[in-house]
$ cat run_2.csv   # CSV, C-alpha atoms
chain,number,residue,atom,x,y,z
J,1,MET,CA,31.2,27.3,18.3
J,2,LYS,CA,28.4,29.6,19.1
J,3,ILE,CA,25.1,29.2,17.2
J,4,SER,CA,24.1,32.4,15.5
J,5,THR,CA,20.5,33.1,14.2
J,6,HIS,CA,18.9,35.7,12.1
J,7,THR,CA,15.5,36.1,10.4
J,8,PRO,CA,16.0,37.4,6.9
J,9,TYR,CA,12.3,37.3,6.0
J,10,PRO,CA,9.1,36.6,7.9
J,11,GLY,CA,8.7,32.8,8.3
J,12,ILE,CA,12.4,32.1,7.7
J,13,THR,CA,15.0,31.7,10.5
J,14,VAL,CA,18.6,30.8,9.7
J,15,TYR,CA,20.8,29.0,12.3
J,16,ASP,CA,24.6,28.9,11.7
J,17,ASN,CA,27.2,26.7,13.5
J,18,VAL,CA,24.5,24.3,14.7
J,19,PHE,CA,26.8,21.4,15.5
J,20,ASN,CA,30.5,21.0,16.4
J,21,TRP,CA,32.5,19.7,13.4
J,22,ASP,CA,32.9,16.2,14.7
J,23,LEU,CA,29.1,15.8,15.0
J,24,ASN,CA,28.6,17.3,11.6
J,25,LYS,CA,31.1,14.8,10.1
J,26,GLY,CA,29.2,12.0,11.8
J,27,ILE,CA,26.0,13.1,10.2
J,28,LEU,CA,27.7,13.5,6.8
J,29,LEU,CA,29.0,9.9,7.1
J,30,GLY,CA,25.5,8.7,7.9
J,31,CYS,CA,24.2,10.5,4.8
J,32,THR,CA,26.8,8.7,2.6
J,33,LYS,CA,25.5,5.4,4.0
J,34,ALA,CA,21.8,6.0,3.5
J,35,PRO,CA,19.9,3.6,1.1
J,36,TYR,CA,18.9,6.1,-1.5
J,37,PHE,CA,15.9,5.7,-3.8
J,38,PHE,CA,15.5,7.2,-7.3
J,39,GLY,CA,12.2,9.2,-7.7
J,40,TRP,CA,9.6,10.9,-5.5
J,41,GLN,CA,6.6,9.4,-3.9
J,42,ASP,CA,4.4,12.2,-5.1
J,43,THR,CA,5.3,12.3,-8.8
J,44,PHE,CA,6.0,9.9,-11.5
J,45,ASN,CA,7.7,12.5,-13.8
J,46,ILE,CA,11.1,11.0,-14.6
J,47,GLU,CA,12.5,14.5,-15.3
J,48,GLU,CA,11.9,15.4,-11.6
J,49,ALA,CA,13.2,12.2,-10.0
J,50,PHE,CA,16.1,12.6,-7.6
J,51,LEU,CA,18.2,10.5,-5.2
J,52,HIS,CA,16.6,10.6,-1.8
J,53,PHE,CA,16.0,8.6,1.3
J,54,GLN,CA,12.7,9.2,3.2
J,55,ILE,CA,12.6,8.6,7.0
J,56,THR,CA,9.0,8.2,8.0
J,57,ASN,CA,7.5,9.2,11.4
J,58,ASP,CA,7.5,5.5,12.3
J,59,MET,CA,11.2,5.3,11.5
J,60,TRP,CA,11.7,8.3,13.7
J,61,GLN,CA,9.9,6.6,16.6
J,62,HIS,CA,12.1,3.4,16.2
J,63,ARG,CA,15.4,5.1,15.3
J,64,HIS,CA,17.2,3.6,18.3
J,65,GLN,CA,17.0,0.2,16.5
J,66,ASP,CA,19.1,1.5,13.6
J,67,LYS,CA,22.5,2.9,14.5
J,68,ASN,CA,22.9,4.9,11.3
J,69,LEU,CA,19.4,6.5,11.7
J,70,ASN,CA,20.1,7.2,15.4
J,71,ASN,CA,23.4,8.9,14.5
J,72,ILE,CA,21.6,11.3,12.1
J,73,LEU,CA,18.3,11.9,13.9
J,74,ASN,CA,19.4,12.3,17.5
J,75,PRO,CA,21.6,15.3,16.8
J,76,LEU,CA,18.8,16.9,14.8
J,77,ILE,CA,16.1,16.5,17.5
J,78,ASP,CA,18.5,17.8,20.1
J,79,SER,CA,19.5,20.9,18.0
J,80,ALA,CA,18.3,24.5,18.5
J,81,PRO,CA,15.9,24.6,15.5
J,82,PHE,CA,14.1,21.5,16.8
J,83,ARG,CA,13.7,22.7,20.4
J,84,ASP,CA,9.9,23.1,20.3
J,85,VAL,CA,9.2,20.3,17.8
J,86,GLU,CA,7.1,17.4,19.2
J,87,GLU,CA,8.3,14.2,17.6
J,88,ASN,CA,4.7,13.0,16.9
J,89,ARG,CA,4.2,16.1,14.7
J,90,ILE,CA,7.1,15.1,12.4
J,91,ALA,CA,5.6,14.0,9.1
J,92,SER,CA,8.9,12.8,7.7
J,93,THR,CA,12.6,13.6,7.0
J,94,VAL,CA,14.2,13.4,3.6
J,95,ILE,CA,17.9,13.1,3.0
J,96,ASN,CA,18.6,14.5,-0.4
J,97,CYS,CA,21.7,13.6,-2.5
J,98,ASP,CA,21.8,16.1,-5.3
J,99,THR,CA,24.3,15.9,-8.2
J,100,THR,CA,25.4,18.5,-10.8
J,101,ASN,CA,22.5,17.4,-13.0
J,102,ASP,CA,19.9,18.3,-10.5
J,103,SER,CA,17.8,21.5,-10.3
J,104,HIS,CA,14.5,21.5,-8.5
J,105,THR,CA,11.3,23.3,-9.5
J,106,VAL,CA,9.5,25.7,-7.2
J,107,HIS,CA,7.2,24.0,-4.7
J,108,THR,CA,5.6,24.3,-1.3
J,109,HIS,CA,4.7,22.0,1.6
J,110,LYS,CA,1.1,22.6,2.5
J,111,ASN,CA,0.3,22.9,6.3
J,112,GLN,CA,4.0,22.1,7.2
J,113,ASP,CA,7.0,23.8,8.6
J,114,VAL,CA,10.4,22.7,7.3
J,115,ILE,CA,13.8,22.5,8.9
J,116,LEU,CA,16.5,22.2,6.2
J,117,TYR,CA,20.1,21.2,7.1
J,118,TYR,CA,23.1,21.7,4.8
J,119,VAL,CA,25.3,18.6,5.6
J,120,ASN,CA,28.4,18.9,3.5
J,121,ASP,CA,31.4,20.0,5.7
J,122,LYS,CA,33.1,22.0,2.9
J,123,TRP,CA,31.6,24.3,0.4
J,124,SER,CA,32.9,27.3,-1.6
J,125,ASP,CA,31.4,30.2,-3.3
J,126,GLY,CA,30.5,29.3,-6.9
J,127,TRP,CA,29.7,25.7,-6.1
J,128,GLY,CA,25.9,26.3,-6.3
J,129,GLY,CA,23.6,24.4,-4.0
J,130,GLU,CA,21.7,27.5,-2.8
J,131,THR,CA,18.1,27.6,-1.7
J,132,PHE,CA,15.8,30.3,-3.2
J,133,PHE,CA,12.6,31.6,-1.6
J,134,TYR,CA,10.0,33.3,-3.7
J,135,ASP,CA,7.0,35.6,-3.5
J,136,GLU,CA,3.6,33.9,-3.3
J,137,HIS,CA,3.5,33.7,-7.1
J,138,GLY,CA,6.9,32.0,-7.5
J,139,LYS,CA,8.2,34.8,-9.7
J,140,GLU,CA,10.4,37.2,-7.5
J,141,ILE,CA,13.1,35.9,-5.2
J,142,ILE,CA,12.6,37.3,-1.7
J,143,TYR,CA,15.6,35.5,-0.1
J,144,THR,CA,18.5,33.3,-1.2
J,145,SER,CA,20.5,31.2,1.2
J,146,PRO,CA,23.9,30.1,-0.1
J,147,TYR,CA,24.7,26.5,0.7
J,148,THR,CA,26.6,27.0,4.0
J,149,PRO,CA,28.0,24.0,5.8
J,150,ASN,CA,26.5,23.4,9.3
J,151,ARG,CA,23.5,25.7,8.6
J,152,MET,CA,19.9,25.0,9.3
J,153,ILE,CA,17.0,27.0,8.0
J,154,ARG,CA,13.6,26.7,9.6
J,155,PHE,CA,10.8,28.0,7.4
J,156,ASP,CA,7.1,28.0,6.7
J,157,GLY,CA,6.7,25.3,4.2
J,158,GLU,CA,4.0,27.3,2.4
J,159,LEU,CA,6.7,29.7,1.3
J,160,VAL,CA,7.4,29.0,-2.4
J,161,HIS,CA,11.0,27.7,-2.7
J,162,ARG,CA,13.4,25.6,-4.6
J,163,PHE,CA,17.1,24.5,-4.5
J,164,ASN,CA,19.9,23.8,-6.8
J,165,GLY,CA,22.4,20.9,-7.0
J,166,PRO,CA,26.1,21.6,-7.0
J,167,SER,CA,27.8,23.2,-9.9
J,168,ARG,CA,30.3,21.3,-12.0
J,169,THR,CA,33.1,23.0,-10.2
J,170,GLY,CA,31.9,21.8,-6.8
J,171,PRO,CA,31.6,18.4,-5.1
J,172,LYS,CA,29.9,15.6,-6.9
J,173,PHE,CA,27.2,15.4,-4.2
J,174,ARG,CA,25.2,18.1,-2.3
J,175,PHE,CA,23.7,16.5,0.9
J,176,SER,CA,20.8,18.1,2.7
J,177,ILE,CA,18.3,16.9,5.3
J,178,SER,CA,14.8,18.3,5.2
J,179,THR,CA,12.4,17.6,8.1
J,180,PHE,CA,8.7,18.3,7.6
J,181,ILE,CA,6.6,19.1,10.7
J,182,TRP,CA,2.8,19.3,10.7
J,183,LYS,CA,1.5,22.7,11.7
J,184,ASP,CA,-1.3,23.0,14.3
J,185,SER,CA,-4.7,22.4,12.7

$ encode --input "run_2.csv" --output "structure tokens"
Amino acid sequence: MKISTHTPYPGITVYDNVFNWDLNKGILLGCTKAPYFFGWQDTFNIEEAFLHFQITNDMWQHRHQDKNLNNILNPLIDSAPFRDVEENRIASTVINCDTTNDSHTVHTHKNQDVILYYVNDKWSDGWGGETFFYDEHGKEIIYTSPYTPNRMIRFDGELVHRFNGPSRTGPKFRFSISTFIWKDS
């Protein structure tokens, strides 16, 4: 497979066919084994609590001690979107496990870049799971990325965005991995 890239909007770069399918399946298997938590560290609103597993910078640094983490993080750090990422600048990585009941509100990640990876190995049109990017007011959609297996999107975290869970006609779970990287001060 050859990686293809395009920049649909300033601050957004899309990478398709990032991994071979065996590696993608290994990452998906790792996501199914992650010890998920219910909620978010930055909000106590039960209406906005989702299944996620946060991998801290310290966990990144010690990933070789955990086979499951190593099998997820090593392919990420070796991939094209991560080529210029210094590991000490990684704030955290979050594995999201969204269900048909999940729809996220618009948000940003101040002073961070984000690399988002769509993990599921099968996805069809109409199953939802897309990521929406908005104008600075969060009103007009400037770009929509359909959930596309084996796609990574690297974007400026200060772009207003949100994502949907799967539709009822799709799989029960939508897995994604988001890595947050501190920008230069």

$ closest_residue --input "run_2.csv" --among "J:Trp127, J:Thr105, J:Ser92, J:Ala80" --to "Lys139 in chain J" --atoms "all atoms listed in the file"
J:Thr105

$ residues_around --input "run_2.csv" --residues "Ile153 in chain J" --least-positions-apart "6" --cutoff "12 Å" --atoms "all atoms listed in the file" --output "PyMOL selection string"
chain J and resi 4-9+11-18+79-82+113-118+130-133+143-147+176-179

$ write_last_selection --input "run_2.csv" --atoms "C-alpha atoms" --output "short mmCIF file (atom, residue, chain, number, x, y, z; two decimals), in the coordinates of the input"
data_model
loop_
_atom_site.label_atom_id
_atom_site.label_comp_id
_atom_site.auth_asym_id
_atom_site.auth_seq_id
_atom_site.Cartn_x
_atom_site.Cartn_y
_atom_site.Cartn_z
CA SER J 4 24.10 32.40 15.50
CA THR J 5 20.50 33.10 14.20
CA HIS J 6 18.90 35.70 12.10
CA THR J 7 15.50 36.10 10.40
CA PRO J 8 16.00 37.40 6.90
CA TYR J 9 12.30 37.30 6.00
CA GLY J 11 8.70 32.80 8.30
CA ILE J 12 12.40 32.10 7.70
CA THR J 13 15.00 31.70 10.50
CA VAL J 14 18.60 30.80 9.70
CA TYR J 15 20.80 29.00 12.30
CA ASP J 16 24.60 28.90 11.70
CA ASN J 17 27.20 26.70 13.50
CA VAL J 18 24.50 24.30 14.70
CA SER J 79 19.50 20.90 18.00
CA ALA J 80 18.30 24.50 18.50
CA PRO J 81 15.90 24.60 15.50
CA PHE J 82 14.10 21.50 16.80
CA ASP J 113 7.00 23.80 8.60
CA VAL J 114 10.40 22.70 7.30
CA ILE J 115 13.80 22.50 8.90
CA LEU J 116 16.50 22.20 6.20
CA TYR J 117 20.10 21.20 7.10
CA TYR J 118 23.10 21.70 4.80
CA GLU J 130 21.70 27.50 -2.80
CA THR J 131 18.10 27.60 -1.70
CA PHE J 132 15.80 30.30 -3.20
CA PHE J 133 12.60 31.60 -1.60
CA TYR J 143 15.60 35.50 -0.10
CA THR J 144 18.50 33.30 -1.20
CA SER J 145 20.50 31.20 1.20
CA PRO J 146 23.90 30.10 -0.10
CA TYR J 147 24.70 26.50 0.70
CA SER J 176 20.80 18.10 2.70
CA ILE J 177 18.30 16.90 5.30
CA SER J 178 14.80 18.30 5.20
CA THR J 179 12.40 17.60 8.10
#

$ residues_around --input "run_2.csv" --residues "Gly129 in chain J" --least-positions-apart "3" --cutoff "9 Å" --atoms "only C-alpha atoms" --output "PyMOL selection string"
chain J and resi 98+126+146-148+163-167+174

$ closest_residue --input "run_2.csv" --among "J:Thr56, J:Asn74, J:Ser124, J:Gly138" --to "Leu23 in chain J" --atoms "only C-alpha atoms"
J:Asn74

$ residues_around --input "run_2.csv" --residues "Trp21 in chain J" --least-positions-apart "4" --cutoff "12 Å" --atoms "only C-alpha atoms" --output "MDAnalysis selection string"
chainID J and resid 1 17 25:28 119:122 149:151

$ residues_near_point --input "run_2.csv" --point "(20.8, 5.2, 6.4)" --cutoff "7 Å" --atoms "only C-alpha atoms" --output "list in words"
Gly30, Cys31, Lys33, Ala34, Pro35, Asn68 and Leu69 of chain J

$ atom_distance --input "run_2.csv" --atom1 "CA of His109 in chain J" --atom2 "CA of Lys183 in chain J"
10.6 Å

$ build_atoms --input "run_2.csv" --residues "range 77-88 of chain J" --atoms "N, CA and C atoms" --output "tab-separated table (two decimals), keeping the file's coordinate frame"
chain	number	residue	atom	x	y	z
J	77	ILE	N	17.16	16.22	16.49
J	77	ILE	CA	16.10	16.50	17.50
J	77	ILE	C	16.61	17.25	18.67
J	78	ASP	N	17.91	17.14	18.95
J	78	ASP	CA	18.50	17.80	20.10
J	78	ASP	C	19.02	19.24	19.72
J	79	SER	N	18.91	19.63	18.46
J	79	SER	CA	19.50	20.90	18.00
J	79	SER	C	18.50	22.08	18.28
J	80	ALA	N	19.03	23.29	18.26
J	80	ALA	CA	18.30	24.50	18.50
J	80	ALA	C	17.02	24.65	17.67
J	81	PRO	N	17.09	24.43	16.35
J	81	PRO	CA	15.90	24.60	15.50
J	81	PRO	C	14.76	23.64	15.86
J	82	PHE	N	15.07	22.51	16.49
J	82	PHE	CA	14.10	21.50	16.80
J	82	PHE	C	13.55	21.62	18.25
J	83	ARG	N	14.02	22.60	19.00
J	83	ARG	CA	13.70	22.70	20.40
J	83	ARG	C	12.22	22.57	20.76
J	84	ASP	N	11.37	23.18	19.96
J	84	ASP	CA	9.90	23.10	20.30
J	84	ASP	C	9.16	22.14	19.41
J	85	VAL	N	9.87	21.24	18.72
J	85	VAL	CA	9.20	20.30	17.80
J	85	VAL	C	8.82	19.03	18.66
J	86	GLU	N	7.57	18.68	18.58
J	86	GLU	CA	7.10	17.40	19.20
J	86	GLU	C	7.28	16.33	18.16
J	87	GLU	N	7.97	15.26	18.56
J	87	GLU	CA	8.30	14.20	17.60
J	87	GLU	C	7.08	13.62	16.91
J	88	ASN	N	5.93	13.56	17.58
J	88	ASN	CA	4.70	13.00	16.90
J	88	ASN	C	4.20	13.90	15.84
